[in-house]
>>> print(open('upload-v1.csv').read())   # CSV, C-alpha atoms
chain,number,residue,atom,x,y,z
A,1,MET,CA,-120.3,-12.2,-48.2
A,2,GLU,CA,-121.9,-10.4,-45.3
A,3,ASN,CA,-121.3,-7.1,-47.0
A,4,LYS,CA,-123.4,-7.9,-49.9
A,5,GLY,CA,-126.1,-5.7,-48.6
A,6,LEU,CA,-123.9,-2.6,-48.5
A,7,ASN,CA,-124.4,-0.1,-51.2
A,8,THR,CA,-121.4,1.3,-53.1
A,9,THR,CA,-121.1,4.5,-51.0
A,10,GLU,CA,-121.0,2.7,-47.8
A,11,TYR,CA,-118.5,0.2,-49.3
A,12,ILE,CA,-116.2,3.0,-50.4
A,13,LYS,CA,-116.6,4.7,-47.0
A,14,LEU,CA,-115.7,1.5,-45.3
A,15,ILE,CA,-112.5,1.2,-47.4
A,16,LYS,CA,-111.6,4.9,-47.0
A,17,GLU,CA,-112.0,4.8,-43.2
A,18,SER,CA,-110.6,1.3,-42.7
A,19,PRO,CA,-109.0,0.5,-39.3
A,20,GLU,CA,-105.8,-0.5,-41.1
A,21,LYS,CA,-105.4,3.0,-42.6
A,22,LYS,CA,-106.0,4.6,-39.2
A,23,LYS,CA,-103.4,2.3,-37.7
A,24,GLY,CA,-101.0,3.4,-40.4
A,25,TYR,CA,-101.5,7.1,-39.6
A,26,ILE,CA,-101.1,6.5,-35.9
A,27,PHE,CA,-97.9,4.4,-36.6
A,28,ALA,CA,-96.5,7.1,-38.8
A,29,GLY,CA,-97.3,9.8,-36.2
A,30,VAL,CA,-95.8,7.8,-33.4
A,31,THR,CA,-92.6,7.0,-35.4
A,32,VAL,CA,-92.1,10.6,-36.5
A,33,PHE,CA,-92.5,11.7,-32.9
A,34,VAL,CA,-90.2,9.0,-31.6
A,35,SER,CA,-87.6,9.7,-34.2
A,36,ILE,CA,-87.6,13.4,-33.3
A,37,LEU,CA,-87.2,12.4,-29.7
A,38,LEU,CA,-84.4,10.1,-30.6
A,39,ILE,CA,-82.6,12.8,-32.7
A,40,ILE,CA,-82.9,15.4,-29.9
A,41,PHE,CA,-82.3,13.3,-26.9
A,42,ALA,CA,-80.3,10.4,-28.2
A,43,ILE,CA,-78.4,11.1,-31.4
A,44,ARG,CA,-77.3,14.7,-30.8
A,45,PRO,CA,-76.0,14.3,-27.2
A,46,THR,CA,-74.3,11.0,-28.1
A,47,ILE,CA,-72.6,12.5,-31.2
A,48,VAL,CA,-71.5,15.5,-29.1
A,49,THR,CA,-70.1,13.2,-26.5
A,50,ILE,CA,-68.4,11.1,-29.1
A,51,THR,CA,-66.8,14.2,-30.7
A,52,GLN,CA,-65.6,15.3,-27.2
A,53,ILE,CA,-64.2,11.9,-26.5
A,54,ASN,CA,-62.5,11.8,-29.9
A,55,SER,CA,-60.8,15.1,-29.4
A,56,SER,CA,-59.9,14.0,-25.9
A,57,ILE,CA,-58.4,10.9,-27.3
A,58,LYS,CA,-56.5,12.9,-30.0
A,59,GLU,CA,-55.1,15.2,-27.3
A,60,LYS,CA,-54.1,12.3,-25.1
A,61,ASN,CA,-52.5,10.5,-28.0
A,62,ARG,CA,-50.4,13.6,-28.8
A,63,LEU,CA,-49.5,14.0,-25.1
A,64,ASN,CA,-48.7,10.3,-24.8
A,65,THR,CA,-46.4,10.4,-27.9
A,66,ALA,CA,-44.7,13.5,-26.6
A,67,LEU,CA,-44.1,11.8,-23.2
A,68,GLU,CA,-42.9,8.6,-24.9
A,69,ALA,CA,-40.5,10.7,-27.0
A,70,LYS,CA,-39.3,12.5,-23.8
A,71,ILE,CA,-38.8,9.2,-22.0
A,72,SER,CA,-36.9,7.6,-24.9
A,73,THR,CA,-34.8,10.7,-25.3
A,74,LEU,CA,-33.9,10.8,-21.6
A,75,SER,CA,-33.1,7.1,-21.7
A,76,ALA,CA,-30.8,7.7,-24.7
A,77,LEU,CA,-29.2,10.6,-23.0
A,78,ASP,CA,-28.7,8.5,-19.9
A,79,LYS,CA,-26.7,6.0,-22.0
A,80,GLN,CA,-24.7,8.8,-23.6
A,81,TYR,CA,-24.0,10.4,-20.3
A,82,GLU,CA,-22.7,7.1,-18.9
A,83,GLU,CA,-20.2,7.1,-21.9
A,84,ILE,CA,-19.1,10.7,-21.9
A,85,GLY,CA,-20.1,11.9,-18.5
A,86,THR,CA,-16.5,12.3,-17.3
A,87,GLN,CA,-15.6,14.5,-20.3
A,88,LEU,CA,-18.7,16.6,-19.8
A,89,GLY,CA,-17.7,17.0,-16.2
A,90,ASP,CA,-14.5,18.7,-17.4
A,91,LEU,CA,-16.7,21.5,-18.7
A,92,GLU,CA,-17.3,22.6,-15.1
A,93,LEU,CA,-13.6,23.4,-14.9
A,94,ILE,CA,-13.6,25.4,-18.1
A,95,TYR,CA,-16.9,27.2,-17.5
A,96,PRO,CA,-17.2,27.3,-13.7
A,97,SER,CA,-20.6,27.9,-12.2
A,98,ASN,CA,-19.2,29.0,-8.9
A,99,GLY,CA,-16.7,31.6,-10.0
A,100,ASN,CA,-13.7,29.3,-9.5
A,101,PHE,CA,-11.4,30.1,-12.4
A,102,SER,CA,-8.6,27.9,-11.1
A,103,LEU,CA,-8.1,26.0,-14.4
A,104,LEU,CA,-8.1,29.2,-16.4
A,105,LEU,CA,-5.5,30.8,-14.1
A,106,ALA,CA,-3.4,27.7,-14.3
A,107,ASN,CA,-3.6,27.8,-18.1
A,108,ILE,CA,-2.8,31.5,-18.2
A,109,GLU,CA,0.2,31.1,-16.1
A,110,SER,CA,1.4,28.3,-18.3
A,111,VAL,CA,0.7,30.2,-21.5
A,112,LEU,CA,2.6,33.3,-20.1
A,113,SER,CA,5.6,31.3,-19.1
A,114,ARG,CA,5.6,29.5,-22.4
A,115,ASN,CA,5.8,32.8,-24.2
A,116,SER,CA,8.5,34.2,-21.8
A,117,PHE,CA,6.1,36.4,-19.9
A,118,SER,CA,5.6,36.6,-16.2
A,119,LEU,CA,2.3,37.3,-14.5
A,120,VAL,CA,2.2,40.4,-12.4
A,121,GLY,CA,-1.5,40.5,-11.5
A,122,VAL,CA,-5.0,39.3,-12.3
A,123,ASP,CA,-8.3,40.8,-11.6
A,124,PHE,CA,-11.9,39.8,-12.4
A,125,ASP,CA,-14.8,42.1,-12.9
A,126,LYS,CA,-18.3,42.2,-14.3
A,127,TYR,CA,-18.4,42.6,-18.1
A,128,SER,CA,-19.7,46.1,-18.7
A,129,ASP,CA,-19.0,46.5,-22.4
A,130,LYS,CA,-21.6,45.6,-25.0
A,131,ASN,CA,-19.4,44.0,-27.6
A,132,VAL,CA,-21.2,40.7,-27.5
A,133,THR,CA,-23.3,40.6,-30.6
A,134,PHE,CA,-24.8,37.1,-29.9
A,135,THR,CA,-26.8,36.1,-26.8
A,136,PRO,CA,-25.6,33.0,-25.1
A,137,LYS,CA,-28.3,31.2,-23.0
A,138,VAL,CA,-26.3,30.1,-20.0
A,139,LEU,CA,-22.8,31.6,-20.5
A,140,VAL,CA,-22.3,35.0,-18.9
A,141,PRO,CA,-19.5,37.3,-20.2
A,142,TRP,CA,-17.0,38.3,-17.5
A,143,THR,CA,-13.9,40.5,-17.7
A,144,MET,CA,-10.4,39.3,-16.8
A,145,MET,CA,-7.6,41.9,-16.5
A,146,ILE,CA,-4.0,40.5,-16.8
A,147,VAL,CA,-0.9,42.5,-16.1
A,148,ALA,CA,2.2,40.7,-17.4
A,149,LYS,CA,5.8,41.5,-18.1
A,150,GLY,CA,7.7,40.3,-21.1
A,151,SER,CA,9.2,41.2,-24.4
A,152,THR,CA,7.2,43.0,-27.2
A,153,SER,CA,8.5,40.5,-29.7
A,154,ASN,CA,6.4,37.7,-28.1
A,155,LEU,CA,3.3,39.7,-27.7
A,156,VAL,CA,1.4,38.5,-30.8
A,157,ASN,CA,2.1,34.9,-29.9
A,158,LEU,CA,1.0,35.5,-26.4
A,159,LEU,CA,-2.3,37.0,-27.5
A,160,LYS,CA,-2.9,34.1,-30.0
A,161,SER,CA,-2.2,31.6,-27.2
A,162,LEU,CA,-4.6,33.3,-24.8
A,163,GLU,CA,-7.4,33.3,-27.4
A,164,ALA,CA,-6.7,29.6,-28.1
A,165,LEU,CA,-7.5,28.6,-24.5
A,166,PRO,CA,-10.4,26.1,-24.3
A,167,MET,CA,-12.8,28.7,-22.8
A,168,TYR,CA,-12.6,30.7,-26.1
A,169,PRO,CA,-11.7,34.0,-24.4
A,170,VAL,CA,-11.3,37.1,-26.5
A,171,VAL,CA,-8.7,39.9,-26.1
A,172,GLU,CA,-10.9,43.0,-25.8
A,173,SER,CA,-8.2,45.5,-25.2
A,174,PHE,CA,-4.5,45.7,-24.4
A,175,SER,CA,-1.9,48.3,-24.1
A,176,TYR,CA,1.8,48.7,-23.5
A,177,SER,CA,4.5,51.3,-23.7
A,178,ASP,CA,8.2,50.9,-24.4
A,179,GLN,CA,9.2,51.8,-20.9
A,180,LYS,CA,11.2,48.9,-19.6
A,181,ASP,CA,11.9,47.9,-16.0
A,182,SER,CA,15.4,47.2,-14.6
A,183,SER,CA,15.3,43.7,-16.2
A,184,GLY,CA,14.5,45.2,-19.6
A,185,LEU,CA,11.0,43.8,-19.7
A,186,THR,CA,7.9,45.7,-20.8
A,187,SER,CA,4.7,45.8,-18.8
A,188,PHE,CA,1.5,44.8,-20.7
A,189,SER,CA,-2.1,45.2,-19.6
A,190,ILE,CA,-4.5,42.8,-21.3
A,191,SER,CA,-8.3,42.8,-20.8
A,192,MET,CA,-10.0,39.6,-21.9
A,193,ARG,CA,-13.7,38.6,-22.2
A,194,ILE,CA,-14.2,35.3,-20.5
A,195,TYR,CA,-17.3,33.3,-19.7
A,196,LYS,CA,-18.8,31.8,-16.6
A,197,ILE,CA,-22.2,30.4,-15.5
A,198,ASP,CA,-24.4,32.3,-13.1
A,199,ASN,CA,-26.0,29.2,-11.5
A,200,ASN,CA,-24.4,27.3,-8.7
A,201,ASN,CA,-26.6,24.2,-9.3
A,202,PHE,CA,-25.9,24.2,-13.1
A,203,TYR,CA,-23.8,21.0,-13.0
A,204,LYS,CA,-25.8,19.2,-10.3
B,205,MET,CA,-95.5,9.3,-56.0
B,206,PHE,CA,-93.5,6.4,-54.5
B,207,ASN,CA,-94.2,2.9,-55.4
B,208,SER,CA,-97.5,3.7,-57.0
B,209,LYS,CA,-98.0,0.2,-58.2
B,210,LYS,CA,-98.8,-0.9,-54.6
B,211,GLN,CA,-101.5,1.7,-54.1
B,212,PRO,CA,-104.8,0.2,-53.1
B,213,GLN,CA,-107.4,0.7,-55.8
B,214,SER,CA,-111.0,1.5,-55.4
B,215,ILE,CA,-113.7,-0.8,-56.6
B,216,ASP,CA,-114.8,2.1,-58.7
B,217,PHE,CA,-111.8,2.4,-61.0
B,218,LEU,CA,-113.0,5.9,-62.0
B,219,GLN,CA,-112.7,7.1,-58.4
B,220,PRO,CA,-109.6,5.7,-56.7
B,221,VAL,CA,-109.3,5.7,-52.9
B,222,TYR,CA,-106.0,7.6,-53.0
B,223,SER,CA,-106.0,10.4,-55.4
B,224,PRO,CA,-102.6,11.5,-56.5
B,225,THR,CA,-103.3,15.0,-55.2
B,226,ASP,CA,-104.1,13.8,-51.7
B,227,ILE,CA,-101.1,15.0,-49.6
B,228,TRP,CA,-101.9,12.8,-46.6
B,229,ALA,CA,-102.2,9.8,-48.7
B,230,ASN,CA,-98.8,10.5,-50.3
B,231,ALA,CA,-97.3,11.1,-46.9
B,232,TYR,CA,-98.7,7.9,-45.7
B,233,ILE,CA,-97.3,6.0,-48.6
B,234,TRP,CA,-93.9,7.7,-48.2
B,235,LEU,CA,-93.8,6.9,-44.5
B,236,THR,CA,-94.7,3.3,-44.9
B,237,ASN,CA,-92.3,2.7,-47.7
B,238,VAL,CA,-89.4,5.1,-47.2
B,239,GLY,CA,-89.8,6.6,-43.7
B,240,LYS,CA,-89.6,3.2,-42.0
B,241,TYR,CA,-86.2,2.5,-43.6
B,242,MET,CA,-85.0,5.9,-42.5
B,243,LEU,CA,-86.1,5.2,-39.0
B,244,ILE,CA,-84.4,1.9,-39.1
B,245,ILE,CA,-81.2,3.7,-40.3
B,246,VAL,CA,-81.6,6.2,-37.5
B,247,GLU,CA,-81.9,3.5,-35.0
B,248,ILE,CA,-78.9,1.6,-36.4
B,249,VAL,CA,-76.9,4.9,-36.2
B,250,VAL,CA,-78.0,5.4,-32.6
B,251,LEU,CA,-77.1,1.8,-31.7
B,252,GLY,CA,-73.8,2.1,-33.5
B,253,VAL,CA,-72.9,5.3,-31.8
B,254,PHE,CA,-74.1,3.9,-28.5
B,255,PHE,CA,-71.9,0.8,-28.8
B,256,SER,CA,-68.9,2.7,-30.2
B,257,ARG,CA,-68.8,4.6,-26.9
B,258,PHE,CA,-67.8,1.4,-25.2
B,259,ILE,CA,-64.7,1.2,-27.5
B,260,LEU,CA,-63.9,4.9,-27.3
B,261,ASP,CA,-64.3,5.1,-23.6
B,262,LYS,CA,-62.0,2.1,-23.2
B,263,GLN,CA,-59.5,3.7,-25.5
B,264,ASN,CA,-59.8,7.0,-23.6
B,265,ASN,CA,-59.4,5.3,-20.2
B,266,ASP,CA,-56.4,3.3,-21.4
B,267,LEU,CA,-54.7,6.4,-22.7
B,268,THR,CA,-55.4,8.3,-19.5
B,269,GLU,CA,-53.8,5.5,-17.6
B,270,ASP,CA,-50.8,5.5,-20.0
B,271,VAL,CA,-50.4,9.3,-19.7
B,272,ASN,CA,-50.7,9.2,-15.9
B,273,GLY,CA,-48.1,6.4,-15.7
B,274,LYS,CA,-45.6,8.3,-17.8
B,275,VAL,CA,-46.2,11.6,-15.9
B,276,THR,CA,-45.6,9.7,-12.7
B,277,LEU,CA,-42.4,8.2,-14.1
B,278,LEU,CA,-41.2,11.6,-15.3
B,279,SER,CA,-42.1,13.3,-12.0
B,280,ASN,CA,-39.6,11.1,-10.3
B,281,GLU,CA,-36.9,13.2,-8.6
B,282,SER,CA,-34.1,11.3,-10.3
B,283,TRP,CA,-35.6,11.7,-13.8
B,284,GLN,CA,-36.3,15.4,-13.2
B,285,LYS,CA,-32.8,16.0,-12.0
B,286,ASN,CA,-31.3,14.2,-15.0
B,287,ALA,CA,-33.6,16.0,-17.4
B,288,SER,CA,-32.5,19.3,-16.0
B,289,LEU,CA,-28.8,18.4,-16.1
B,290,TYR,CA,-29.0,17.2,-19.7
B,291,GLU,CA,-31.0,20.4,-20.7
B,292,ASN,CA,-28.3,22.5,-19.0
B,293,TYR,CA,-25.5,20.6,-20.9
B,294,GLN,CA,-27.4,21.1,-24.1
B,295,TYR,CA,-27.7,24.8,-23.6
B,296,LEU,CA,-24.0,25.0,-22.6
B,297,LEU,CA,-22.9,23.1,-25.7
B,298,ASN,CA,-25.0,25.3,-27.9
B,299,ASP,CA,-23.5,28.4,-26.3
B,300,ILE,CA,-20.0,27.0,-26.8
B,301,GLY,CA,-20.7,26.4,-30.4
B,302,THR,CA,-22.0,29.9,-30.8
B,303,ILE,CA,-19.1,31.6,-29.2
B,304,ARG,CA,-16.6,29.4,-31.1
B,305,GLU,CA,-18.2,30.3,-34.4
B,306,LYS,CA,-19.5,33.8,-34.0
B,307,GLN,CA,-17.0,35.8,-31.8
B,308,GLU,CA,-14.2,37.6,-33.5
B,309,ILE,CA,-10.6,36.7,-32.7
B,310,ASN,CA,-8.8,39.9,-32.1
B,311,SER,CA,-5.2,38.5,-31.9
B,312,VAL,CA,-5.3,38.0,-35.7
B,313,LYS,CA,-6.2,41.7,-36.2
B,314,ILE,CA,-3.5,42.8,-33.7
B,315,SER,CA,-1.0,40.6,-35.5
B,316,GLU,CA,-1.9,42.2,-38.8
B,317,LEU,CA,-1.5,45.6,-37.3
B,318,VAL,CA,1.9,45.0,-35.7
B,319,SER,CA,3.2,43.3,-38.8
B,320,GLY,CA,2.0,46.3,-40.9
B,321,ILE,CA,4.2,48.8,-39.1
B,322,PRO,CA,7.3,49.4,-41.2
B,323,SER,CA,10.6,48.6,-39.6
B,324,SER,CA,11.8,52.2,-40.0
B,325,LEU,CA,9.1,53.3,-37.5
B,326,HIS,CA,9.6,52.5,-33.8
B,327,LEU,CA,6.5,51.6,-31.9
B,328,SER,CA,6.7,53.1,-28.5
B,329,THR,CA,3.1,52.7,-27.2
B,330,PHE,CA,0.4,50.5,-28.5
B,331,GLY,CA,-3.3,50.7,-27.3
B,332,TYR,CA,-6.1,48.5,-28.6
B,333,SER,CA,-9.6,48.6,-27.3
B,334,VAL,CA,-12.6,47.2,-29.1
B,335,ASN,CA,-11.5,47.9,-32.7
B,336,LYS,CA,-10.0,51.3,-31.7
B,337,VAL,CA,-6.3,51.5,-32.1
B,338,SER,CA,-3.9,54.1,-30.9
B,339,LEU,CA,-0.2,54.0,-31.7
B,340,ARG,CA,2.7,56.2,-30.8
B,341,LEU,CA,5.5,55.9,-33.3
B,342,THR,CA,8.9,57.5,-33.5
B,343,SER,CA,11.1,57.8,-36.5
B,344,ASN,CA,13.8,59.9,-38.2
B,345,SER,CA,12.3,59.6,-41.6
B,346,LEU,CA,9.2,61.7,-42.5
B,347,ASP,CA,8.9,59.8,-45.7
B,348,ALA,CA,8.4,56.6,-43.8
B,349,ILE,CA,5.7,58.2,-41.8
B,350,LYS,CA,4.0,59.6,-44.9
B,351,ASP,CA,4.1,56.1,-46.5
B,352,TYR,CA,2.6,54.5,-43.5
B,353,GLU,CA,-0.1,57.2,-43.3
B,354,SER,CA,-1.1,56.6,-46.9
B,355,SER,CA,-1.0,52.8,-46.6
B,356,LEU,CA,-3.4,53.1,-43.6
B,357,LYS,CA,-5.7,55.6,-45.3
B,358,ASN,CA,-5.9,53.5,-48.4
B,359,ASN,CA,-6.6,50.3,-46.4
B,360,PRO,CA,-10.4,49.6,-46.6
B,361,ASN,CA,-10.1,47.6,-43.3
B,362,TYR,CA,-9.3,50.8,-41.3
B,363,SER,CA,-11.3,54.0,-41.0
B,364,ASP,CA,-11.1,57.4,-39.2
B,365,VAL,CA,-7.3,57.4,-39.6
B,366,SER,CA,-5.8,60.4,-37.9
B,367,PHE,CA,-2.0,61.3,-37.7
B,368,ASN,CA,-0.6,63.8,-35.3
B,369,ILE,CA,3.0,64.5,-36.2
B,370,ASN,CA,5.4,66.4,-33.8
B,371,LYS,CA,8.9,67.1,-34.5
B,372,ASP,CA,11.2,66.7,-31.5
B,373,SER,CA,14.8,67.9,-31.4
B,374,SER,CA,16.1,64.4,-32.3
B,375,GLU,CA,13.2,62.5,-33.9
B,376,ILE,CA,9.7,62.7,-35.2
B,377,VAL,CA,6.9,61.6,-32.9
B,378,VAL,CA,3.6,60.5,-34.4
B,379,ASN,CA,0.4,59.7,-32.6
B,380,VAL,CA,-1.9,57.6,-34.8
B,381,ASN,CA,-5.5,56.8,-34.1
B,382,PHE,CA,-7.9,54.7,-36.2
B,383,SER,CA,-10.7,52.2,-36.1
B,384,ILE,CA,-10.9,48.7,-37.5
B,385,VAL,CA,-13.8,48.3,-39.8
B,386,VAL,CA,-16.0,45.4,-38.6
B,387,ASP,CA,-17.6,43.3,-41.3
>>> encode(input="upload-v1.csv", output="structure tokens")
Amino acid sequence: MENKGLNTTEYIKLIKESPEKKKGYIFAGVTVFVSILLIIFAIRPTIVTITQINSSIKEKNRLNTALEAKISTLSALDKQYEEIGTQLGDLELIYPSNGNFSLLLANIESVLSRNSFSLVGVDFDKYSDKNVTFTPKVLVPWTMMIVAKGSTSNLVNLLKSLEALPMYPVVESFSYSDQKDSSGLTSFSISMRIYKIDNNNFYK
Amino acid sequence: MFNSKKQPQSIDFLQPVYSPTDIWANAYIWLTNVGKYMLIIVEIVVLGVFFSRFILDKQNNDLTEDVNGKVTLLSNESWQKNASLYENYQYLLNDIGTIREKQEINSVKISELVSGIPSSLHLSTFGYSVNKVSLRLTSNSLDAIKDYESSLKNNPNYSDVSFNINKDSSEIVVNVNFSIVVD
């Protein structure tokens, strides 16, 4: 009622420049400014950090799963080793890691006598040929030369018996001639590829 | 533009306070009606992200502890020794499987060779070395030698067959060399 004296122009001016409207503009300006500050200094770094933490969590989850799998595999292997450890230990005799071919020699002597052959000499040497078409990871080819005396009629059986030994040796070369000694026996020279392991701590 | 029904009106209806072409007025209306909700959403997002860090950090720390615990367990000397032993056995068993399946057994080839020599030929020397065969045969029958030569040359499992025939006073001596074809 106090404004009754105001003319229309003043009244419109009062409404147009009302304090409420000014407050509104100030509020809008402040909120825009604050929201920009929030985006730059709060949201962006937080989201960057969250992304980094997320990728770190993913990586750790993957690692954790892999470690869990390794632990469970090792536990399972522990159990299996308890059951078949003795049998696995026999592998050391078949594929020695210290160059001790005592089991092979014992087997060869037995195979030779079973086929009516007698052992004259044995020699071991590095494997120099390149006849191995596959690449074993731990087994190293080695050469074993055997000189034996016997009958030619038993030769094929002898070679088959030699290649049937548990080490899976292979007859690489052999030779003989029909010259016989005083006992009527022929001398044979057999070269075999055998395998050993070049790591003394392999079974430890 | 937005929510125009709520626009304050001038007393003079022919001259409104906020004309539709006034950019600032529109911006003001937009800010007070839409912008504030956007700001509220932004603030909610900020708060949400802020609080989610508590959860993620906890998860990350728990995982770090788990991983460290497992690494410590696996670093144990006994575990490492066992792991190395089992790995060696695994490689060895794989190798055994490989040599059992992939390597060629020569005794079978030699058996076939020996059994392929006719009884009319006497084998005096035999040499075998990595699929190379050399034989020294003696015989009284040239026909038997010729038959053996043709049988070797016609056998697809053998190649580079060479016969060297010498006639001695009493018998025929033949030196035979050939290779075994590898599949």
>>> atom_distance(input="upload-v1.csv", atom1="atom CA of A:Glu109", atom2="atom CA of A:Ser128")
25.1 Å
>>> closest_atom_pairs(input="upload-v1.csv", of="chain A", to="chain B", cutoff="7 Å", atoms="all atoms listed in the file", output="CSV")
residue,atom,partner,partner_atom,distance
A:Lys16,CA,B:Val221,CA,6.4
A:Tyr25,CA,B:Tyr232,CA,6.8
A:Ala28,CA,B:Leu235,CA,6.3
A:Ser35,CA,B:Leu243,CA,6.7
A:Ile43,CA,B:Val250,CA,5.8
A:Thr46,CA,B:Val253,CA,6.9
A:Ile50,CA,B:Arg257,CA,6.9
A:Ile57,CA,B:Asn264,CA,5.6
A:Lys60,CA,B:Leu267,CA,6.4
A:Asn64,CA,B:Val271,CA,5.5
A:Leu67,CA,B:Lys274,CA,6.6
A:Leu74,CA,B:Ala287,CA,6.7
A:Pro136,CA,B:Asp299,CA,5.2
A:Lys137,CA,B:Tyr295,CA,6.5
A:Val138,CA,B:Leu296,CA,6.2
A:Leu139,CA,B:Asp299,CA,6.7
A:Val156,CA,B:Ser315,CA,5.7
A:Leu159,CA,B:Ser311,CA,5.5
A:Lys160,CA,B:Ser311,CA,5.3
A:Tyr168,CA,B:Arg304,CA,6.5
A:Val170,CA,B:Ile309,CA,6.3
A:Val171,CA,B:Asn310,CA,6.0
A:Glu172,CA,B:Val334,CA,5.6
A:Ser173,CA,B:Ser333,CA,4.0
A:Phe174,CA,B:Tyr332,CA,5.3
A:Ser175,CA,B:Gly331,CA,4.2
A:Tyr176,CA,B:Phe330,CA,5.5
A:Ser177,CA,B:Thr329,CA,4.0
A:Asp178,CA,B:Ser328,CA,4.9
A:Phe202,CA,B:Asn292,CA,6.6
A:Tyr203,CA,B:Leu289,CA,6.4
A:Lys204,CA,B:Leu289,CA,6.6
>>> write_last_selection(input="upload-v1.csv", atoms="C-alpha atoms", output="CSV table (one decimal), in the coordinates of the input")
chain,number,residue,atom,x,y,z
A,16,LYS,CA,-111.6,4.9,-47.0
A,25,TYR,CA,-101.5,7.1,-39.6
A,28,ALA,CA,-96.5,7.1,-38.8
A,35,SER,CA,-87.6,9.7,-34.2
A,43,ILE,CA,-78.4,11.1,-31.4
A,46,THR,CA,-74.3,11.0,-28.1
A,50,ILE,CA,-68.4,11.1,-29.1
A,57,ILE,CA,-58.4,10.9,-27.3
A,60,LYS,CA,-54.1,12.3,-25.1
A,64,ASN,CA,-48.7,10.3,-24.8
A,67,LEU,CA,-44.1,11.8,-23.2
A,74,LEU,CA,-33.9,10.8,-21.6
A,136,PRO,CA,-25.6,33.0,-25.1
A,137,LYS,CA,-28.3,31.2,-23.0
A,138,VAL,CA,-26.3,30.1,-20.0
A,139,LEU,CA,-22.8,31.6,-20.5
A,156,VAL,CA,1.4,38.5,-30.8
A,159,LEU,CA,-2.3,37.0,-27.5
A,160,LYS,CA,-2.9,34.1,-30.0
A,168,TYR,CA,-12.6,30.7,-26.1
A,170,VAL,CA,-11.3,37.1,-26.5
A,171,VAL,CA,-8.7,39.9,-26.1
A,172,GLU,CA,-10.9,43.0,-25.8
A,173,SER,CA,-8.2,45.5,-25.2
A,174,PHE,CA,-4.5,45.7,-24.4
A,175,SER,CA,-1.9,48.3,-24.1
A,176,TYR,CA,1.8,48.7,-23.5
A,177,SER,CA,4.5,51.3,-23.7
A,178,ASP,CA,8.2,50.9,-24.4
A,202,PHE,CA,-25.9,24.2,-13.1
A,203,TYR,CA,-23.8,21.0,-13.0
A,204,LYS,CA,-25.8,19.2,-10.3
>>> residues_around(input="upload-v1.csv", residues="A:Asn98", least_positions_apart="3", cutoff="9 Å", atoms="all atoms listed in the file", output="list in words")
Phe101, Lys196, Ile197, Asp198, Asn199, Asn200 and Asn201 of chain A
>>> closest_residue(input="upload-v1.csv", among="B:Ser324, B:Ser373, B:Asn280, B:Ser383", to="B:Lys350", atoms="all atoms listed in the file")
B:Ser324
>>> atom_distance(input="upload-v1.csv", atom1="atom CA of A:Arg193", atom2="atom CA of A:Gly150")
21.5 Å
>>> residues_around(input="upload-v1.csv", residues="A:Tyr195", least_positions_apart="5", cutoff="7 Å", atoms="all atoms listed in the file", output="number ranges by chain")
A: 95, 139-142
>>> atom_distance(input="upload-v1.csv", atom1="atom CA of A:Lys70", atom2="atom CA of A:Ile53")
25.1 Å
>>> residues_around(input="upload-v1.csv", residues="stretch 344-347 of chain B", least_positions_apart="3", cutoff="9 Å", atoms="all atoms listed in the file", output="count of residues only")
9
